[in-house]
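Containing TSV, C-alpha atoms: protein11.tsv.
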chain	number	residue	atom	x	y	z
A	14	MET	CA	9.77	-29.71	-27.44
A	15	ASN	CA	12.73	-27.40	-26.86
A	16	SER	CA	13.81	-26.64	-23.28
A	17	LEU	CA	15.79	-23.44	-22.83
A	18	VAL	CA	17.90	-23.10	-19.69
A	19	TYR	CA	19.03	-19.62	-18.63
A	20	ASP	CA	20.75	-18.05	-15.63
A	21	GLY	CA	17.64	-16.46	-14.10
A	22	THR	CA	18.59	-12.85	-14.86
A	23	PHE	CA	16.41	-10.45	-16.82
A	24	GLU	CA	19.18	-10.14	-19.40
A	25	GLY	CA	19.28	-13.94	-19.65
A	26	LEU	CA	15.53	-13.99	-20.23
A	27	LEU	CA	15.81	-11.45	-23.04
A	28	THR	CA	18.68	-13.42	-24.57
A	29	ALA	CA	16.45	-16.51	-24.55
A	30	VAL	CA	13.77	-14.53	-26.40
A	31	PHE	CA	16.35	-13.52	-29.02
A	32	GLU	CA	17.37	-17.18	-29.49
A	33	ILE	CA	13.75	-18.28	-29.85
A	34	TYR	CA	13.08	-15.87	-32.70
A	35	GLU	CA	16.46	-16.30	-34.37
A	36	ARG	CA	16.23	-20.11	-34.39
A	37	LYS	CA	12.43	-20.14	-34.88
A	38	LEU	CA	11.98	-22.43	-31.89
A	39	TYR	CA	8.50	-23.72	-31.14
A	40	PRO	CA	7.22	-25.06	-28.83
A	41	VAL	CA	9.56	-24.11	-25.99
A	42	LYS	CA	9.82	-24.31	-22.21
A	43	LEU	CA	12.00	-22.01	-20.13
A	44	PHE	CA	13.89	-23.00	-16.99
A	45	LYS	CA	16.31	-21.37	-14.58
A	46	GLY	CA	19.61	-22.96	-13.60
A	47	GLU	CA	20.56	-26.48	-14.62
A	48	TRP	CA	18.15	-28.81	-16.34
A	49	ARG	CA	18.51	-32.50	-17.04
A	50	SER	CA	16.06	-33.71	-19.60
A	51	GLY	CA	14.31	-36.99	-19.05
A	52	ALA	CA	12.28	-36.91	-22.26
A	53	LEU	CA	13.57	-38.90	-25.21
A	54	PHE	CA	12.77	-36.31	-27.88
A	55	GLU	CA	13.38	-33.18	-25.82
A	56	GLU	CA	16.25	-30.90	-26.80
A	57	VAL	CA	17.88	-28.88	-24.03
A	58	ILE	CA	19.42	-25.61	-25.18
A	59	PRO	CA	21.65	-23.71	-22.71
A	60	ILE	CA	21.29	-19.93	-23.05
A	61	VAL	CA	24.45	-17.88	-22.55
A	62	THR	CA	23.48	-14.36	-21.50
A	63	ASP	CA	24.48	-11.86	-24.17
A	64	GLU	CA	24.17	-8.16	-23.29
A	65	ALA	CA	24.02	-7.07	-26.93
A	66	ARG	CA	21.24	-9.48	-27.86
A	67	ALA	CA	19.34	-8.70	-24.66
A	68	GLY	CA	19.65	-5.01	-25.46
A	69	ARG	CA	18.11	-5.51	-28.89
A	70	VAL	CA	15.14	-7.34	-27.39
A	71	LEU	CA	14.70	-4.65	-24.73
A	72	LYS	CA	14.78	-1.97	-27.42
A	73	GLY	CA	12.01	-3.83	-29.26
A	74	LEU	CA	9.94	-4.12	-26.07
A	75	ARG	CA	10.23	-0.39	-25.47
A	76	LYS	CA	8.81	0.25	-28.93
A	77	LYS	CA	5.83	-2.03	-28.31
A	78	LEU	CA	5.12	-1.26	-24.65
A	79	SER	CA	4.81	1.88	-22.55
A	80	ALA	CA	7.55	2.66	-20.01
A	81	ALA	CA	5.20	1.45	-17.28
A	82	GLY	CA	4.56	-1.74	-19.24
A	83	VAL	CA	8.28	-2.53	-19.46
A	84	GLN	CA	8.63	-1.85	-15.74
A	85	ARG	CA	5.75	-4.19	-14.92
A	86	LEU	CA	7.36	-6.91	-17.03
A	87	TYR	CA	10.67	-6.43	-15.20
A	88	ILE	CA	9.00	-6.57	-11.78
A	89	SER	CA	7.04	-9.71	-12.70
A	90	HIS	CA	10.25	-11.48	-13.62
A	91	MET	CA	12.25	-10.06	-10.70
A	92	ALA	CA	9.69	-11.48	-8.25
A	93	GLU	CA	11.20	-14.95	-8.81
A	94	ILE	CA	7.91	-16.81	-8.51
A	95	ALA	CA	8.51	-20.50	-9.13
A	96	GLY	CA	7.02	-21.88	-12.33
A	97	GLU	CA	6.20	-18.51	-13.89
A	98	ASP	CA	9.06	-18.25	-16.41
A	99	CYS	CA	6.98	-19.68	-19.23
A	100	ASN	CA	4.18	-17.21	-18.52
A	101	VAL	CA	6.60	-14.28	-18.62
A	102	LEU	CA	8.02	-15.65	-21.87
A	103	GLY	CA	4.50	-16.07	-23.25
A	104	PHE	CA	3.75	-12.43	-22.45
A	105	ILE	CA	6.87	-11.25	-24.30
A	106	ARG	CA	6.04	-13.36	-27.34
A	107	HIS	CA	2.51	-11.98	-27.34
A	108	VAL	CA	3.98	-8.46	-27.30
A	109	PHE	CA	6.10	-9.12	-30.38
A	110	ASP	CA	3.52	-11.17	-32.25
A	111	SER	CA	0.80	-8.50	-31.96
A	112	ASP	CA	0.43	-5.42	-34.12
A	113	GLN	CA	-1.07	-3.35	-31.30
A	114	ASN	CA	-0.20	-2.60	-27.69
A	115	ILE	CA	-1.34	-5.60	-25.63
A	116	GLU	CA	-0.98	-4.20	-22.09
A	117	GLU	CA	-4.74	-4.21	-21.49
A	118	ASP	CA	-5.51	-7.35	-23.49
A	119	TYR	CA	-6.80	-9.22	-20.44
A	120	GLY	CA	-8.47	-11.80	-22.66
A	121	ASN	CA	-4.98	-13.19	-23.24
A	122	ARG	CA	-3.94	-15.59	-20.49
A	123	TYR	CA	-0.36	-14.31	-20.35
A	124	VAL	CA	-1.42	-10.69	-19.95
A	125	MET	CA	-3.91	-11.70	-17.28
A	126	ARG	CA	-1.34	-13.80	-15.43
A	127	LEU	CA	1.24	-11.01	-15.34
A	128	SER	CA	-1.45	-8.70	-14.00
A	129	GLU	CA	-2.09	-11.20	-11.20
A	130	ILE	CA	1.62	-11.55	-10.46
A	131	LEU	CA	2.01	-7.80	-10.27
A	132	LYS	CA	-0.84	-7.54	-7.77
A	133	MET	CA	0.76	-10.20	-5.57
A	134	VAL	CA	4.14	-8.49	-5.71
A	135	ARG	CA	2.69	-5.08	-4.90
A	136	ARG	CA	0.77	-6.54	-1.96
A	137	GLU	CA	3.96	-8.11	-0.63
A	138	LYS	CA	5.88	-4.86	-1.10
A	139	HIS	CA	3.22	-2.99	0.88
A	140	ARG	CA	3.40	-5.57	3.67
A	141	MET	CA	7.16	-5.31	3.89
A	142	GLU	CA	6.92	-1.52	4.15
A	143	ALA	CA	4.50	-1.97	7.05
A	144	PHE	CA	6.02	-4.98	8.83
A	145	VAL	CA	9.74	-4.16	8.83
A	146	ARG	CA	10.98	-3.80	12.43
A	147	PHE	CA	14.43	-2.28	12.80
A	148	GLN	CA	16.79	-3.16	15.64
A	149	LYS	CA	19.65	-0.86	16.59
A	150	LEU	CA	23.11	-2.46	16.49
A	151	ASN	CA	26.24	-1.47	18.38
A	152	ASP	CA	27.64	0.51	15.45
A	153	GLY	CA	24.46	2.60	15.19
A	154	THR	CA	23.10	0.79	12.14
A	155	PHE	CA	19.42	-0.17	12.21
A	156	TYR	CA	18.99	-3.78	11.09
A	157	ALA	CA	15.87	-5.69	9.99
A	158	ALA	CA	15.47	-9.26	8.76
A	159	ILE	CA	12.65	-10.14	6.37
A	160	GLU	CA	11.38	-13.26	4.58
A	161	PRO	CA	9.04	-12.04	1.83
A	162	ASP	CA	7.22	-14.53	-0.36
A	163	PHE	CA	8.60	-12.79	-3.45
A	164	ASN	CA	11.79	-10.90	-4.24
A	165	VAL	CA	10.62	-7.37	-3.41
A	166	LEU	CA	13.76	-5.98	-1.77
A	167	PRO	CA	14.69	-3.72	-4.74
A	168	LEU	CA	11.19	-2.25	-4.64
A	169	LEU	CA	11.69	-1.09	-1.04
A	170	ILE	CA	14.58	1.28	-1.77
A	171	LYS	CA	12.54	4.39	-2.49
A	172	HIS	CA	10.28	4.04	0.55
A	173	PHE	CA	12.96	3.44	3.18
A	174	LYS	CA	15.54	5.78	1.70
A	175	SER	CA	13.08	8.68	1.81
A	176	ARG	CA	11.67	7.78	5.23
A	177	TYR	CA	14.95	7.04	7.06
A	178	THR	CA	17.31	9.33	5.21
A	179	ASP	CA	19.22	10.39	8.36
A	180	GLN	CA	19.93	6.85	9.65
A	181	LYS	CA	22.15	4.02	8.52
A	182	TRP	CA	20.05	0.94	7.97
A	183	MET	CA	20.13	-2.54	6.49
A	184	ILE	CA	17.25	-4.78	5.44
A	185	TYR	CA	18.30	-8.38	4.90
A	186	ASP	CA	16.28	-10.97	2.99
A	187	ILE	CA	17.29	-14.14	4.81
A	188	LYS	CA	15.35	-16.35	2.40
A	189	ARG	CA	17.39	-15.16	-0.61
A	190	ASN	CA	20.56	-14.35	1.32
A	191	TYR	CA	21.11	-10.77	0.24
A	192	GLY	CA	20.34	-7.38	1.69
A	193	LEU	CA	19.99	-3.66	1.13
A	194	TYR	CA	22.33	-1.28	2.96
A	195	TYR	CA	22.00	2.52	3.24
A	196	ASP	CA	25.03	4.53	4.43
A	197	LEU	CA	23.37	8.00	4.63
A	198	HIS	CA	24.24	8.66	0.99
A	199	ASP	CA	23.61	5.68	-1.26
A	200	THR	CA	22.03	2.24	-1.14
A	201	GLN	CA	23.79	-0.92	-2.22
A	202	PHE	CA	23.03	-4.61	-2.33
A	203	ILE	CA	25.14	-6.77	-0.04
A	204	GLU	CA	25.65	-10.41	0.85
A	205	MET	CA	26.92	-11.65	4.20
A	206	ASN	CA	28.16	-14.96	5.55
A	207	PHE	CA	26.57	-15.94	8.86
A	208	ASP	CA	28.05	-18.75	10.95
A	209	GLU	CA	25.88	-21.10	12.99
A	210	LEU	CA	26.06	-18.86	16.07
A	211	SER	CA	25.09	-15.72	14.22
A	212	LYS	CA	22.02	-16.27	12.08
A	213	PRO	CA	20.72	-13.25	10.11
A	214	VAL	CA	17.42	-13.53	11.96
A	215	ASN	CA	19.12	-13.53	15.37
A	216	VAL	CA	21.61	-10.69	15.95
A	217	ILE	CA	20.92	-10.16	19.66
A	218	ALA	CA	24.64	-10.19	20.47
A	219	ALA	CA	25.11	-7.14	18.24
A	220	TYR	CA	22.24	-5.08	19.75
A	221	SER	CA	23.04	-1.69	21.23
A	222	GLU	CA	22.67	-1.42	25.01
A	223	ASP	CA	19.33	0.41	24.83
A	224	GLU	CA	17.73	-1.76	22.12
A	225	GLY	CA	16.10	-4.04	24.68
A	226	VAL	CA	14.60	-1.06	26.47
A	227	TYR	CA	13.01	0.26	23.29
A	228	GLN	CA	11.67	-3.18	22.40
A	229	ASP	CA	10.01	-3.42	25.82
A	230	LEU	CA	8.50	0.04	25.37
A	231	TRP	CA	7.14	-0.98	21.95
A	232	LYS	CA	5.58	-4.16	23.37
A	233	ASN	CA	4.07	-2.25	26.31
A	234	TYR	CA	2.57	0.26	23.87
A	235	PHE	CA	0.84	-2.49	21.93
A	236	ASN	CA	-0.42	-4.12	25.11
A	237	SER	CA	-1.75	-0.82	26.42
A	238	ILE	CA	-3.80	-0.03	23.32
A	239	ASN	CA	-5.21	-3.55	23.05
A	240	ILE	CA	-8.91	-3.86	23.86
A	241	ALA	CA	-9.48	-7.47	24.91
A	242	SER	CA	-13.25	-7.33	24.41
A	243	ARG	CA	-12.78	-6.36	20.76
A	244	LYS	CA	-10.20	-9.00	19.94
A	245	ASN	CA	-10.77	-10.55	16.50
A	246	THR	CA	-8.01	-13.06	15.78
A	247	ARG	CA	-9.36	-14.08	12.39
A	248	LEU	CA	-9.37	-10.48	11.13
A	249	HIS	CA	-5.98	-9.83	12.68
A	250	VAL	CA	-4.40	-12.81	10.94
A	251	ARG	CA	-5.95	-11.80	7.63
A	252	HIS	CA	-4.22	-8.42	7.81
A	253	ILE	CA	-1.00	-9.69	9.41
A	254	PRO	CA	-0.42	-13.33	8.36
A	255	ARG	CA	1.31	-15.53	10.93
A	256	ARG	CA	4.33	-16.10	8.67
A	257	TYR	CA	5.43	-12.52	9.37
A	258	TRP	CA	5.12	-12.70	13.16
A	259	ARG	CA	8.63	-14.01	13.88
A	260	HIS	CA	10.06	-10.67	12.67
A	261	LEU	CA	7.60	-8.43	14.50
A	262	THR	CA	8.92	-7.06	17.81
A	263	GLU	CA	5.43	-6.95	19.33
A	264	LYS	CA	4.93	-10.67	18.56
A	265	ILE	CA	8.24	-12.00	19.89
Any chance you could give the structure as structure tokens?
Amino acid sequence: MNSLVYDGTFEGLLTAVFEIYERKLYPVKLFKGEWRSGALFEEVIPIVTDEARAGRVLKGLRKKLSAAGVQRLYISHMAEIAGEDCNVLGFIRHVFDSDQNIEEDYGNRYVMRLSEILKMVRREKHRMEAFVRFQKLNDGTFYAAIEPDFNVLPLLIKHFKSRYTDQKWMIYDIKRNYGLYYDLHDTQFIEMNFDELSKPVNVIAAYSEDEGVYQDLWKNYFNSINIASRKNTRLHVRHIPRRYWRHLTEKI
């Protein structure tokens, strides 16, 4: 068994694919980060990301898959779901080992698994678009903290940039410690260092003076439209899972 260790990037993944075919490695397992083998006959091969080799693999994928198929592959990997690297690798190998387009070959377990991953990621993206609650800071920027199950922040750019084009805003993924910032012109990914007194989820000290007023108005609106006799907690939790409540103004 060969264990390939790569840096977790999409380019690193494609470089690993290049190495597998160049060295004719089989069977293989793929891991992110550092790996210490405990198996006596297991060879650990570190993969150094190579843009040229990754580019050659990507070119080959574009010949075998539609543009949408390549995008779905990228999103499935970008989601950073633990334990799915080997399934993504299996999908890519199935692409290259088949004479025909395999995008709808749902009888193959790798194609089926990537389809399931994509559905989960799209569901999480939709939830983030619905559950983001911005808070106005002193400098006029609207800030929101999120903790999505998967890495969907890059998928939110189009929605929020088109919907809030006249406002500066920042959405920060506190689970992965990076965020998306829009300055009225462009969006960029950022990272920030928070000390113990200023957690990314708790920026009350930086609120604008009227933020509290608007939060109270929002809570009063939800209370006013609530019909106690029609309360259905089970249905409510199914649509808005409890893990999202800590970032919802109306739930705080």
Task: Expected answer as a ChimeraX atom specification: all residues with atoms within 12 Å of (21.3, -25.9, -27.2), only C-alpha atoms - done: /A:15-19,29,32-33,36,38,41,48,55-61
TODO: Do a neighbour search on A:Leu26 at 9 Å with all atoms listed in the file, toss out local chain neighbours closer than 4 positions, and write the hits as a ChimeraX atom specification.
DONE: /A:19-22,30-31,43,60,62,67,90,98,102
Task: Residues within 8 Å of stretch 141-149 of chain A, all atoms listed in the file, excluding chain neighbours under 6 positions, as a ChimeraX atom specification - done: /A:155-159,161,169,172-173,220-221,224,257,260-262
- [ ] Could you jot down the atom CA of A:Gln180 to atom CA of A:Tyr194 separation for me, Å, one decimal place?
- [x] 10.8 Å
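Of the listed residues (A:Gly153, A:Gly73, A:Gly96, A:Gly82), A:Gly73 comes nearest to A:Phe109; the distances count all atoms listed in the file.
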Task: Gap from atom CA of A:Leu127 to atom CA of A:Asn100 - Å, one decimal - done: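 Taking atom CA of A:Leu127 as the start and atom CA of A:Asn100 as the end point, the length is 7.6 Å.
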- [ ] Rank A:Leu27, A:Met133, A:Leu78, A:Ala92 by their smallest atom-to-atom distance to A:Asp63, using all atoms listed in the file, and report the top residue only.
- [x] A:Leu27
- [ ] Would you mind reading off the distance between atom CA of A:Arg66 and atom CA of A:Gln84, one decimal, in Å?
- [x]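 Going from atom CA of A:Arg66 over to atom CA of A:Gln84 covers 19.1 Å.
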Task: Selection near A:Asp162, 10 Å with all atoms listed in the file, sequence-local residues under 6 positions removed, as a PyMOL selection string - done: chain A and resi 92-94+133-134+137-138+188+256
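Counting all atoms listed in the file, the residue from A:Val108, A:Asn164, A:Arg255, A:Ser175 that sits nearest to A:Arg189 is A:Asn164.
Compared by their closest atoms to A:Arg69, and using all atoms listed in the file, the residues A:Glu204, A:Lys264, A:Thr28, A:Ala81 rank with A:Thr28 nearest.
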